[in-house]
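Engineer: Got a structure here, written out as structure tokens. Questions coming.
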Amino acid sequence: MRVSRGAKIAGGTVLGLGYAFLFAPILSVIVYSFNESRLVTVWSGFSTKWYGELAHDDRVLNALRLSLGIAAFAASGAVIIGTMAAYALARFGKFRGKALFSGLVAAPLVLPEVTTGLSMLLLFVLMERLIGWPQGRGAITIAIAHVTFAVAYATVIIRSRIASLDPALEEAAADLGARPFAAFVAVVLPLIAPALAAAWLLSFSLSLDDFVITAFVTGPGATTLPLLIFSSVKLGVNPEINALGTLIVGVASMVALTATLLQRKSG
Amino acid sequence: MAPLIRLEGLTKRFGETVAADDVTLDILEGELFGLLGASGSGKTTLLRLLGGFETPTAGRVLIDGVDVTALPPYERPTNMVFQSYALFPHMTVAANIAFGLKQARMPKPEADARVEEVMELVKLTELGKRKPSELSGGQRQRVALARALVLRPKVLLLDEPLSALDKKLREHTQFELMRLQRELGITFVIVTHDQDEAMAMCSRIAVMDMGKVIETGTPRAIYERPQCRFVADFIGGANIIDAEPVGPSRVRLPALGVECAVTDSLPAKGWVALRPERISLSHEAPAGGPWPAGQVEAVAFHGDFQLYRVRMDGGVELRVAASNVPGDPKPGERAFLSWPADAPVALSR
């Protein structure tokens, strides 16, 4: 199709506006994180001093440590449970309740976060009253809640990879003397490893920047990075928060990029 | 001699469909046995029941006198060459072949020697370090074969082993498989939809249709003396003509208006199978008649023969495969059909 010059310019403009709408806010955070001035809206020169301040801010470092720990736990838990769910969905044929199971596993993808958060909070309160665990709310409850929603994403990614494997591979392994678990470890696991890594990274980044659900199930002393940022912004935005935001954007982009590359490789 | 494999009343249902229907079959040690049928005939299901990949709805599988019906694949003395080959893509050729030995926890030096030996057997030495994705179709097939043979199974199961190969390689591989089978003395059970392949390779064939074994026999017996219309039609596409008995080993063919000799006496009304390549075509009425005549409708050139479709005067259409027909009948011309006395095979079912 021949495209006229005018149409090309118009198309480029629309595309530019679209990108600007999506990314201008993030870009402004990044740009102002390098601002020398304490005032967020006034540019007074380039500086990396706010990044230096970050490195000495104990509140930030503690929040970072907590967030990374929870994210690693949530990602690992989601991949383990997600692999089991995905294997059942992809390989166990038509079992009773499969459609229901499939729907329930994926439910957190469409459920409003507020609902998930509220229901998790009610569950934890009830559990504490009935069985005395978990005591109070904090890192443990946040981690459990994050596993819950990350499982949905992990299952979708891993299931599609398992479904694309030739079932004859597992049959061949069994035929050659491998018991089901040995066949899974020797044949299935290496072949779905890229998808497992992608699912882990995606779960990790979802956990790292979750705010709504975390806000519901956190307790005293358990302040994750997003909670910390939100509470500081209430007192007014400062360049240090911009710097923190920029770092998070950087980490999240890298994680997302790696996950995408891994998935493409596993095809 | 007791059969190596015995299937007793083996039935497998998938919901409404019956993939294997009360199959009883004996396969002897050292046979190259063919399961031949169209797609959906149940031949692959039967192979999978042998390998332990399906659990039968009813019936038993005995291998070497042992009831293996309830045993999973990893406890059966069978190994399989899958249609897709199912090579492990993340392992080298050597690791693929060694997989089964590793599962059996064979000491490494011994396993290495076994792998080496079998790679030589299927002519794969040099390729041990390659990944399956770096191999040609024929090489992959040999890896699949080596991977199964290295475990020295009592029975080797092959699911359409030649279907993914091109024509030239297919013929070569047919001979390779026959050579391996002869050298190793292992019983091969091979599933195929290709009757030429089954004819060329197998010592015996079971023809399957709709989950049932219709007929079992040597390729020659099945080809020359089919017992039923299905097999006569399926193998080599014989003409099936209505027949009524008129005497011992003699029938009348009402549709053609002639009488002829047949292999066996028909007890009642039945059919006669007449292979296209046993019929001769001529412009002049041949001696020993009367012979039926008809009009040539179409001629297809097949290189080593021509296939004629002839509309007989009685209305039925017959297929004739012939080469160098005198007078070279063209479509629209009339021709006489004749055949040797031993060509028509009597069929009562």
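The chains in the structure tokens are called A, B, ... from first to last as shown; in each chain the residues are counted from 1, and the ligands are counted from 1 in the order shown.
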Excluding Pro194 of chain A and residues on its chain fewer than 2 positions from it, collect all residues at most 12 Å away from it, counting only C-alpha atoms, and give them as a list in words.
Structural biologist: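 Within the cut-off, the hits are Val79, Ile157, Ile158, Arg161, Ile162, Val188, Leu189, Pro190, Leu191, Ile192, Leu196, Ala197, Ala198, Ala199, Trp200, Leu201, Thr258, Ala259, Thr260, Leu261, Leu262, Gln263, Arg264, Lys265, Ser266 and Gly267 of chain A.
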Engineer: Which neighbours of segment 298-305 of chain B fall inside 12 Å, counting only C-alpha atoms, when residues of the same chain fewer than 6 positions from it are skipped, and could you give them as a PyMOL selection string?
Structural biologist: chain B and resi 276-277+311+317-325+328-334
Engineer: Please find the residues of chain A near chain B - the criterion being any atom within 10 Å, counting only C-alpha atoms - and write them as a list in words.
Structural biologist: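 Only these qualify: Asp166, Pro167, Ala168, Leu169, Glu170, Glu171, Ala172, Ala173, Ala174, Asp175, Leu176, Gly177, Ala178, Arg179, Pro180, Ala182, Ala183, Ala186, Val187, Val188, Pro190 and Leu191 of chain A.
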Engineer: Take the residues from that selection and write them out as an mmCIF file, in the first residue's frame, keeping C-alpha atoms.
Structural biologist:
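See again-v3.cif below for the written result:
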```
data_model
loop_
_atom_site.group_PDB
_atom_site.id
_atom_site.type_symbol
_atom_site.label_atom_id
_atom_site.label_comp_id
_atom_site.auth_asym_id
_atom_site.auth_seq_id
_atom_site.Cartn_x
_atom_site.Cartn_y
_atom_site.Cartn_z
ATOM 1 C CA ASP A 166 5.443 -33.095 22.571
ATOM 2 C CA PRO A 167 3.757 -35.469 25.087
ATOM 3 C CA ALA A 168 5.709 -38.265 23.403
ATOM 4 C CA LEU A 169 8.848 -36.908 25.106
ATOM 5 C CA GLU A 170 7.546 -37.930 28.519
ATOM 6 C CA GLU A 171 6.263 -41.206 27.111
ATOM 7 C CA ALA A 172 9.692 -41.849 25.620
ATOM 8 C CA ALA A 173 11.312 -41.200 28.984
ATOM 9 C CA ALA A 174 8.877 -43.615 30.651
ATOM 10 C CA ASP A 175 9.455 -46.143 27.880
ATOM 11 C CA LEU A 176 13.195 -45.960 28.541
ATOM 12 C CA GLY A 177 12.707 -46.818 32.197
ATOM 13 C CA ALA A 178 12.205 -43.450 33.893
ATOM 14 C CA ARG A 179 9.576 -43.315 36.632
ATOM 15 C CA PRO A 180 7.227 -40.328 36.389
ATOM 16 C CA ALA A 182 12.551 -38.998 37.169
ATOM 17 C CA ALA A 183 11.082 -38.313 33.717
ATOM 18 C CA ALA A 186 15.323 -35.310 33.425
ATOM 19 C CA VAL A 187 13.174 -34.274 30.487
ATOM 20 C CA VAL A 188 10.374 -31.830 31.318
ATOM 21 C CA PRO A 190 15.176 -28.740 31.498
ATOM 22 C CA LEU A 191 12.831 -28.026 28.610
#
```
Engineer: For His193 of chain B, find every residue with an atom within 8 Å (counting only C-alpha atoms), except residues of its own chain fewer than 2 positions away, and show them as a ChimeraX atom specification.
Structural biologist: /B:36-39,160,191,195
Engineer: Taking into account only C-alpha atoms, which residue in the set B:Ala232, B:Ala335, B:Val310, B:Leu180 is nearest to Pro286 of chain B?
Structural biologist: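 Result for the nearest residue to Pro286 of chain B: B:Ala335.
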Engineer: By how many Å are atom CA of Thr24 of chain B and atom CA of Asp233 of chain B apart?
Structural biologist: 23.1 Å
Engineer: Rank nothing, just name the residue among B:Gly30, B:Gly138, B:Gly40, B:Gly289 nearest to Thr173 of chain B, using only C-alpha atoms.
Structural biologist: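 For Thr173 of chain B, the nearest of the candidates is B:Gly138.
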Engineer: Got a sec: who's within 10 Å of Ser102 of chain A, counting only C-alpha atoms, leaving out chain neighbours fewer than 2 positions off, as number ranges by chain?
Structural biologist: A: 85-86, 88-89, 97-100, 104-107, 152, 155-156
Engineer: May I have the residues from that selection written out with N, CA and C atoms, as a PDB file, in the first residue's frame?
Structural biologist:
```pdb
ATOM      1  N   ALA A  85       0.460 -26.672  39.161  1.00  0.00           N
ATOM      2  CA  ALA A  85      -0.860 -26.392  38.587  1.00  0.00           C
ATOM      3  C   ALA A  85      -0.809 -26.493  37.067  1.00  0.00           C
ATOM      4  N   ALA A  86       0.256 -25.928  36.486  1.00  0.00           N
ATOM      5  CA  ALA A  86       0.380 -25.929  35.025  1.00  0.00           C
ATOM      6  C   ALA A  86       0.505 -27.353  34.497  1.00  0.00           C
ATOM      7  N   ALA A  88      -0.643 -30.097  35.875  1.00  0.00           N
ATOM      8  CA  ALA A  88      -1.950 -30.756  35.977  1.00  0.00           C
ATOM      9  C   ALA A  88      -2.862 -30.297  34.846  1.00  0.00           C
ATOM     10  N   LEU A  89      -2.868 -29.013  34.583  1.00  0.00           N
ATOM     11  CA  LEU A  89      -3.763 -28.482  33.546  1.00  0.00           C
ATOM     12  C   LEU A  89      -3.343 -28.915  32.151  1.00  0.00           C
ATOM     13  N   GLY A  97     -13.717 -31.166  37.176  1.00  0.00           N
ATOM     14  CA  GLY A  97     -13.449 -29.858  37.767  1.00  0.00           C
ATOM     15  C   GLY A  97     -12.291 -29.131  37.120  1.00  0.00           C
ATOM     16  N   LYS A  98     -11.850 -29.583  35.923  1.00  0.00           N
ATOM     17  CA  LYS A  98     -10.701 -28.946  35.292  1.00  0.00           C
ATOM     18  C   LYS A  98     -10.996 -27.491  34.914  1.00  0.00           C
ATOM     19  N   ALA A  99     -12.189 -27.265  34.333  1.00  0.00           N
ATOM     20  CA  ALA A  99     -12.550 -25.911  33.908  1.00  0.00           C
ATOM     21  C   ALA A  99     -12.599 -24.984  35.128  1.00  0.00           C
ATOM     22  N   LEU A 100     -13.164 -25.497  36.219  1.00  0.00           N
ATOM     23  CA  LEU A 100     -13.261 -24.695  37.441  1.00  0.00           C
ATOM     24  C   LEU A 100     -11.858 -24.384  37.961  1.00  0.00           C
ATOM     25  N   LEU A 104     -10.197 -20.783  38.437  1.00  0.00           N
ATOM     26  CA  LEU A 104      -9.816 -20.290  39.766  1.00  0.00           C
ATOM     27  C   LEU A 104      -8.341 -19.903  39.818  1.00  0.00           C
ATOM     28  N   VAL A 105      -7.510 -20.710  39.133  1.00  0.00           N
ATOM     29  CA  VAL A 105      -6.082 -20.393  39.134  1.00  0.00           C
ATOM     30  C   VAL A 105      -5.841 -19.038  38.479  1.00  0.00           C
ATOM     31  N   ALA A 106      -6.621 -18.762  37.424  1.00  0.00           N
ATOM     32  CA  ALA A 106      -6.401 -17.518  36.683  1.00  0.00           C
ATOM     33  C   ALA A 106      -7.173 -16.339  37.270  1.00  0.00           C
ATOM     34  N   ALA A 107      -8.038 -16.611  38.255  1.00  0.00           N
ATOM     35  CA  ALA A 107      -8.922 -15.560  38.772  1.00  0.00           C
ATOM     36  C   ALA A 107      -8.184 -14.292  39.216  1.00  0.00           C
ATOM     37  N   ALA A 152      -1.019 -17.026  39.645  1.00  0.00           N
ATOM     38  CA  ALA A 152      -1.847 -16.917  38.443  1.00  0.00           C
ATOM     39  C   ALA A 152      -0.981 -16.633  37.215  1.00  0.00           C
ATOM     40  N   THR A 155       1.456 -19.612  36.455  1.00  0.00           N
ATOM     41  CA  THR A 155       0.771 -20.767  35.869  1.00  0.00           C
ATOM     42  C   THR A 155       0.526 -20.565  34.376  1.00  0.00           C
ATOM     43  N   VAL A 156       0.066 -19.369  34.015  1.00  0.00           N
ATOM     44  CA  VAL A 156      -0.236 -19.100  32.601  1.00  0.00           C
ATOM     45  C   VAL A 156       1.020 -19.281  31.747  1.00  0.00           C
TER      46      VAL A 156
END
```
Engineer: Hey, what's within 6 Å of segment 252-256 of chain B if we count only C-alpha atoms and toss same-chain stuff fewer than 6 positions away? As a ChimeraX atom specification, please?
Structural biologist: /B:243-244,292,314
Engineer: Measuring atom to atom with only C-alpha atoms, identify which of A:Thr41, A:Ser33, A:Thr148, A:Ser67 is nearest to Glu53 of chain A.
Structural biologist: A:Ser33
Engineer: According to DSSP computed on the backbone, where in segment 22-265 of chain A is there alpha helix (DSSP H)? Give the residues as a VMD selection string.
Structural biologist: chain A and resid 22 to 33 49 to 56 58 to 91 98 to 110 113 to 131 139 to 163 167 to 175 180 to 183 189 to 208 212 to 217 225 to 234 239 to 265
Engineer: I want to know what sits within 9 Å of Leu46 of chain B, based on only C-alpha atoms, with residues of the same chain fewer than 4 positions away left out; could you give that as a PyMOL selection string?
Structural biologist: chain B and resi 10+12+19-20+23+35+42+50-51+54+211
Engineer: Taking only C-alpha atoms into account, which of A:Ile81, A:Ala72, A:Ala195, A:Ala145 comes nearest Ser119 of chain A?
Structural biologist: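 The shortest atom-to-atom distance to Ser119 of chain A comes from A:Ala145.
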Engineer: Residues within 10 Å of Ser28 of chain A, please, as an NGL selection string. Count only C-alpha atoms; anything in the same chain fewer than 3 positions from it doesn't count.
Structural biologist: :A and (23-25 or 31-33 or 41 or 242 or 246)
Engineer: Emit the selected residues as an mmCIF file, in the first residue's frame, including all heavy atoms.
Structural biologist:
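The resulting file, result-v1.cif, is reproduced below:
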```cif
data_model
loop_
_atom_site.group_PDB
_atom_site.id
_atom_site.type_symbol
_atom_site.label_atom_id
_atom_site.label_comp_id
_atom_site.auth_asym_id
_atom_site.auth_seq_id
_atom_site.Cartn_x
_atom_site.Cartn_y
_atom_site.Cartn_z
ATOM 1 N N PHE A 23 4.569 7.594 28.465
ATOM 2 C CA PHE A 23 5.880 7.579 29.121
ATOM 3 C C PHE A 23 6.381 8.921 29.623
ATOM 4 O O PHE A 23 7.374 8.980 30.330
ATOM 5 C CB PHE A 23 6.914 6.942 28.179
ATOM 6 C CG PHE A 23 6.584 5.507 27.881
ATOM 7 C CD1 PHE A 23 6.193 5.105 26.612
ATOM 8 C CD2 PHE A 23 6.613 4.570 28.896
ATOM 9 C CE1 PHE A 23 5.859 3.786 26.354
ATOM 10 C CE2 PHE A 23 6.283 3.249 28.648
ATOM 11 C CZ PHE A 23 5.896 2.861 27.369
ATOM 12 N N ALA A 24 5.722 10.038 29.274
ATOM 13 C CA ALA A 24 6.175 11.344 29.748
ATOM 14 C C ALA A 24 6.239 11.407 31.289
ATOM 15 O O ALA A 24 7.220 11.914 31.837
ATOM 16 C CB ALA A 24 5.283 12.446 29.185
ATOM 17 N N PRO A 25 5.230 10.865 31.986
ATOM 18 C CA PRO A 25 5.308 10.935 33.455
ATOM 19 C C PRO A 25 6.533 10.201 34.005
ATOM 20 O O PRO A 25 7.221 10.714 34.889
ATOM 21 C CB PRO A 25 4.021 10.227 33.905
ATOM 22 C CG PRO A 25 3.108 10.280 32.738
ATOM 23 C CD PRO A 25 3.980 10.252 31.526
ATOM 24 N N VAL A 31 14.104 12.238 34.804
ATOM 25 C CA VAL A 31 14.858 13.479 34.591
ATOM 26 C C VAL A 31 15.050 14.214 35.914
ATOM 27 O O VAL A 31 16.168 14.605 36.278
ATOM 28 C CB VAL A 31 14.136 14.389 33.569
ATOM 29 C CG1 VAL A 31 14.758 15.784 33.568
ATOM 30 C CG2 VAL A 31 14.209 13.770 32.183
ATOM 31 N N TYR A 32 13.965 14.366 36.680
ATOM 32 C CA TYR A 32 14.065 15.155 37.914
ATOM 33 C C TYR A 32 14.828 14.435 39.025
ATOM 34 O O TYR A 32 15.211 15.053 40.014
ATOM 35 C CB TYR A 32 12.675 15.589 38.391
ATOM 36 C CG TYR A 32 12.230 16.848 37.672
ATOM 37 C CD1 TYR A 32 11.316 16.809 36.634
ATOM 38 C CD2 TYR A 32 12.781 18.089 38.032
ATOM 39 C CE1 TYR A 32 10.942 17.933 35.950
ATOM 40 C CE2 TYR A 32 12.410 19.233 37.358
ATOM 41 C CZ TYR A 32 11.503 19.162 36.315
ATOM 42 O OH TYR A 32 11.149 20.284 35.638
ATOM 43 N N SER A 33 15.069 13.117 38.849
ATOM 44 C CA SER A 33 15.879 12.431 39.849
ATOM 45 C C SER A 33 17.333 12.909 39.771
ATOM 46 O O SER A 33 18.097 12.729 40.708
ATOM 47 C CB SER A 33 15.811 10.916 39.645
ATOM 48 O OG SER A 33 16.553 10.533 38.512
ATOM 49 N N THR A 41 10.154 20.781 41.313
ATOM 50 C CA THR A 41 9.689 21.346 40.047
ATOM 51 C C THR A 41 10.644 22.384 39.465
ATOM 52 O O THR A 41 10.406 22.892 38.388
ATOM 53 C CB THR A 41 8.307 21.992 40.234
ATOM 54 O OG1 THR A 41 8.355 22.811 41.395
ATOM 55 C CG2 THR A 41 7.228 20.939 40.377
ATOM 56 N N ASN A 242 12.186 10.474 43.683
ATOM 57 C CA ASN A 242 12.363 10.373 42.230
ATOM 58 C C ASN A 242 13.503 9.419 41.892
ATOM 59 O O ASN A 242 13.392 8.597 40.967
ATOM 60 C CB ASN A 242 12.670 11.752 41.631
ATOM 61 C CG ASN A 242 11.400 12.577 41.460
ATOM 62 O OD1 ASN A 242 10.297 12.024 41.492
ATOM 63 N ND2 ASN A 242 11.557 13.874 41.323
ATOM 64 N N THR A 246 13.209 5.973 39.863
ATOM 65 C CA THR A 246 14.014 5.698 38.674
ATOM 66 C C THR A 246 14.691 4.339 38.781
ATOM 67 O O THR A 246 14.705 3.560 37.826
ATOM 68 C CB THR A 246 15.083 6.792 38.505
ATOM 69 O OG1 THR A 246 14.414 8.055 38.451
ATOM 70 C CG2 THR A 246 15.891 6.569 37.243
#
```
Engineer: Choose the residue, out of A:Thr48, A:Thr214, A:Thr115, A:Thr141, that has the smallest atom-to-atom separation from Met127 of chain A; count only C-alpha atoms.
Structural biologist: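 Checking each candidate against Met127 of chain A, we get A:Thr141 as the closest.
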